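For reference, the structure is listed below as structure tokens.
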Amino acid sequence: MTTTVIDLVQRVRSNINESPATIDPQRTDEEIARWLQESQLDYISKIPADAVPELIEEVTASGSSWARAADFVKLLSFQVSHTISGTSTVTEPATVLAIDDDYAVRYYPFLMGAWAQFRKDVIAFGPNAYFAYIRYQRAPADISDVCATFELDAEHEEPVVNRATAKALDKINDADAERYMTLYNDRVAAEAGPKYYQPLRVEKTAQRVER
């Protein structure tokens, strides 16, 4: 069943005890929809990408740079195909360099293996690169329009509604705003916990010394 923004707006109104029939309401539907959109963006920025697989995109790029998509939110992985020497090539995960780390790119391009670096509107990659495989998290559909549809799975509706409720209550300094924001923060913390697969990390022991 598809959830519309109006459905979410009505849930917020139920929480704040201000129905659509209220004369001279203190919050408009459009205002609540904007809080829902702000909450949705805040929510996906704080939870693991594994929690929203519907937002994961896989793309390729030729050459040595990729123009970031308009809906780009978070880089997940970047694999670079580059020439080592002559006709010898390799495809390997790129090390993402700091935005101001030009020294390594300029003077030691072949010592670090594949690299990627955020620039103004692109992600540059090298050295001697000719192709890249990119996985990134995109932004969900904008729900600041009351005619829009909520794109995320149903399990993500409650935290978005709770945060928007907190914002609606905070507008009139209602003390319940803190309660709803706590519910939201608790859900974010739960999503960020050990709920999704994490690669096993083997702890290295000290090297054995022969005596």
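Chain identifiers are assigned as A, B, and so on, following the order in which chains appear in the structure tokens; residues are numbered from 1 within each chain, and ligands are numbered from 1 in order of appearance.
All residues of protein, DNA or RNA that reach within 12 Å of Lys167 of chain A, judged by only C-alpha atoms and not counting those fewer than 5 positions away in the chain, are Val12, Arg13, Asn15, Ile16, Arg27, Glu31, Ile32, Ala33, Arg34, Trp35, Leu36, Gln37, Glu38, Ser39, Val160, Val161, Asn162, Ile172, Asn173, Asp174, Ala175, Asp176, Ala177, Glu178, Arg179, Tyr180, Met181 and Tyr184 of chain A.
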Restricting it to C-alpha atoms, dump the selection as a PDB file, in the first residue's frame.
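This is the output file result_24.pdb:
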ATOM      1  CA  VAL A  12       1.363  14.310  12.608  1.00  0.00           C
ATOM      2  CA  ARG A  13      -1.923  16.161  13.122  1.00  0.00           C
ATOM      3  CA  ASN A  15      -0.090  13.419  17.385  1.00  0.00           C
ATOM      4  CA  ILE A  16      -0.392  17.175  17.942  1.00  0.00           C
ATOM      5  CA  ARG A  27       0.329  24.647  11.496  1.00  0.00           C
ATOM      6  CA  GLU A  31       4.373  23.528   6.866  1.00  0.00           C
ATOM      7  CA  ILE A  32       4.049  19.984   8.215  1.00  0.00           C
ATOM      8  CA  ALA A  33       5.119  18.564   4.828  1.00  0.00           C
ATOM      9  CA  ARG A  34       8.302  20.671   4.984  1.00  0.00           C
ATOM     10  CA  TRP A  35       9.059  19.295   8.457  1.00  0.00           C
ATOM     11  CA  LEU A  36       8.488  15.785   7.122  1.00  0.00           C
ATOM     12  CA  GLN A  37      10.992  16.389   4.320  1.00  0.00           C
ATOM     13  CA  GLU A  38      13.573  17.843   6.731  1.00  0.00           C
ATOM     14  CA  SER A  39      13.054  14.839   8.993  1.00  0.00           C
ATOM     15  CA  VAL A 160      10.036  10.582  10.213  1.00  0.00           C
ATOM     16  CA  VAL A 161       6.564  11.324  11.601  1.00  0.00           C
ATOM     17  CA  ASN A 162       7.917  11.538  15.174  1.00  0.00           C
ATOM     18  CA  ILE A 172       4.283  26.556  19.988  1.00  0.00           C
ATOM     19  CA  ASN A 173       6.778  25.608  22.717  1.00  0.00           C
ATOM     20  CA  ASP A 174       4.829  22.486  23.674  1.00  0.00           C
ATOM     21  CA  ALA A 175       6.801  20.394  26.197  1.00  0.00           C
ATOM     22  CA  ASP A 176       5.808  17.183  24.379  1.00  0.00           C
ATOM     23  CA  ALA A 177       8.212  18.119  21.592  1.00  0.00           C
ATOM     24  CA  GLU A 178      11.069  16.668  23.615  1.00  0.00           C
ATOM     25  CA  ARG A 179       9.265  13.347  24.046  1.00  0.00           C
ATOM     26  CA  TYR A 180       8.785  12.897  20.312  1.00  0.00           C
ATOM     27  CA  MET A 181      12.345  13.938  19.571  1.00  0.00           C
ATOM     28  CA  TYR A 184      13.131   9.737  17.063  1.00  0.00           C
TER      29      TYR A 184
END
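Neighbours of segment 62-69 of chain A closer than or equal to 10 Å, with only C-alpha atoms counted and sequence neighbours fewer than 6 positions away skipped, come out as Leu75, Val80, Ser81, His82, Ala116, Gln117, Phe118, Arg119, Lys120, Asp121, Val122, Ile123, Ala124, Phe125, Gly126, Pro127, Asn128, Ala129, Tyr130, Phe131, Ala132, Tyr133, Ile134, Tyr136 and Arg138 of chain A.
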Take the residues that were just selected and, keeping C-alpha atoms, output them as a PDB file, in the first residue's frame.
ATOM      1  CA  LEU A  75      29.445   7.487  -1.235  1.00  0.00           C
ATOM      2  CA  VAL A  80      38.830   2.173 -10.112  1.00  0.00           C
ATOM      3  CA  SER A  81      40.204   0.478 -13.236  1.00  0.00           C
ATOM      4  CA  HIS A  82      43.584   1.952 -14.102  1.00  0.00           C
ATOM      5  CA  ALA A 116      39.312   9.034  -5.499  1.00  0.00           C
ATOM      6  CA  GLN A 117      38.848  12.623  -4.389  1.00  0.00           C
ATOM      7  CA  PHE A 118      35.815  14.877  -4.003  1.00  0.00           C
ATOM      8  CA  ARG A 119      36.063  18.090  -5.992  1.00  0.00           C
ATOM      9  CA  LYS A 120      33.565  20.855  -6.739  1.00  0.00           C
ATOM     10  CA  ASP A 121      30.956  18.963  -8.765  1.00  0.00           C
ATOM     11  CA  VAL A 122      32.794  15.726  -9.459  1.00  0.00           C
ATOM     12  CA  ILE A 123      34.705  12.873  -7.893  1.00  0.00           C
ATOM     13  CA  ALA A 124      38.107  12.617  -9.602  1.00  0.00           C
ATOM     14  CA  PHE A 125      39.929   9.284  -9.631  1.00  0.00           C
ATOM     15  CA  GLY A 126      43.284   7.846 -10.701  1.00  0.00           C
ATOM     16  CA  PRO A 127      46.079   7.219 -11.387  1.00  0.00           C
ATOM     17  CA  ASN A 128      45.947   6.606 -15.162  1.00  0.00           C
ATOM     18  CA  ALA A 129      42.317   5.684 -14.703  1.00  0.00           C
ATOM     19  CA  TYR A 130      39.953   4.837 -17.512  1.00  0.00           C
ATOM     20  CA  PHE A 131      36.866   3.471 -15.713  1.00  0.00           C
ATOM     21  CA  ALA A 132      35.138   3.371 -12.323  1.00  0.00           C
ATOM     22  CA  TYR A 133      32.343   1.441 -10.624  1.00  0.00           C
ATOM     23  CA  ILE A 134      30.453   3.557  -8.079  1.00  0.00           C
ATOM     24  CA  TYR A 136      26.177   5.569  -3.664  1.00  0.00           C
ATOM     25  CA  ARG A 138      20.706   8.770  -3.257  1.00  0.00           C
TER      26      ARG A 138
END
Please build the interface table for segment 78-191 of chain A against segment 44-59 of chain A with a cut-off of 12 Å, listing for each qualifying residue the nearest atom pair and the distance in Å to one decimal; count only C-alpha atoms, order rows by chain and increasing number, and write it as a tab-separated table.
residue	atom	partner	partner_atom	distance
A:Phe78	CA	A:Val59	CA	10.0
A:Gln79	CA	A:Val59	CA	10.8
A:Phe131	CA	A:Val59	CA	10.9
A:Ala132	CA	A:Val59	CA	8.5
A:Tyr133	CA	A:Val59	CA	6.1
A:Ile134	CA	A:Val59	CA	5.3
A:Arg135	CA	A:Glu58	CA	4.5
A:Tyr136	CA	A:Glu57	CA	5.5
A:Gln137	CA	A:Ile56	CA	4.6
A:Arg138	CA	A:Leu55	CA	5.4
A:Ala139	CA	A:Leu55	CA	6.9
A:Pro140	CA	A:Leu55	CA	6.6
A:Ala141	CA	A:Leu55	CA	9.8
A:Glu151	CA	A:Glu54	CA	8.6
A:Leu152	CA	A:Glu54	CA	7.2
A:Asp153	CA	A:Val52	CA	7.8
A:Ala154	CA	A:Val52	CA	11.0
A:Glu155	CA	A:Ala51	CA	9.9
A:His156	CA	A:Val52	CA	8.9
A:Glu157	CA	A:Ile44	CA	11.8
A:Pro159	CA	A:Ile44	CA	10.6
A:Val160	CA	A:Ile44	CA	9.7
A:Tyr184	CA	A:Lys46	CA	11.3
A:Asn185	CA	A:Lys46	CA	9.8
A:Asp186	CA	A:Ile47	CA	11.6
A:Arg187	CA	A:Ile47	CA	9.4
A:Val188	CA	A:Ile47	CA	6.2
A:Ala189	CA	A:Ile47	CA	8.1
A:Ala190	CA	A:Ile47	CA	9.0
A:Glu191	CA	A:Ile47	CA	5.9
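Atom CA of Thr60 of chain A to atom CA of Thr91 of chain A spans 12.9 Å [interatomic distance, one decimal].
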At a cut-off of 9 Å, using only C-alpha atoms, what residues contact Phe150 of chain A? Leave out same-chain residues fewer than 5 positions from it and give the result as a ChimeraX atom specification. /A:2-5,8,140-143,157
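Here atom CA of Leu97 of chain A is placed at a distance of 10.3 Å from atom CA of Ala114 of chain A.
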Give the helix (DSSP H, G or I) residues of segment 70-181 of chain A, as assigned by DSSP on the backbone, as a ChimeraX atom specification. /A:102-107,154-170,176-181
Of A:Cys147, A:Gly193, A:Ile99, A:Gly113, the one nearest to Thr83 of chain A when counting only C-alpha atoms is A:Gly113
Judged by only C-alpha atoms, the minimum distance to Leu41 of chain A among A:Ile6, A:Ala94, A:Ala148, A:Val73 is found for A:Val73
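Using only C-alpha atoms, the shortest contact distance between Val9 of chain A and any of A:Gln26, A:Thr95, A:Ser85, A:Ser144 is found at A:Ser144.
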Which residues in segment 93-168 of chain A does DSSP call strand (DSSP E or B)? List them as number ranges by chain. A: 93, 95-97, 115-118, 122-126, 129-138, 149
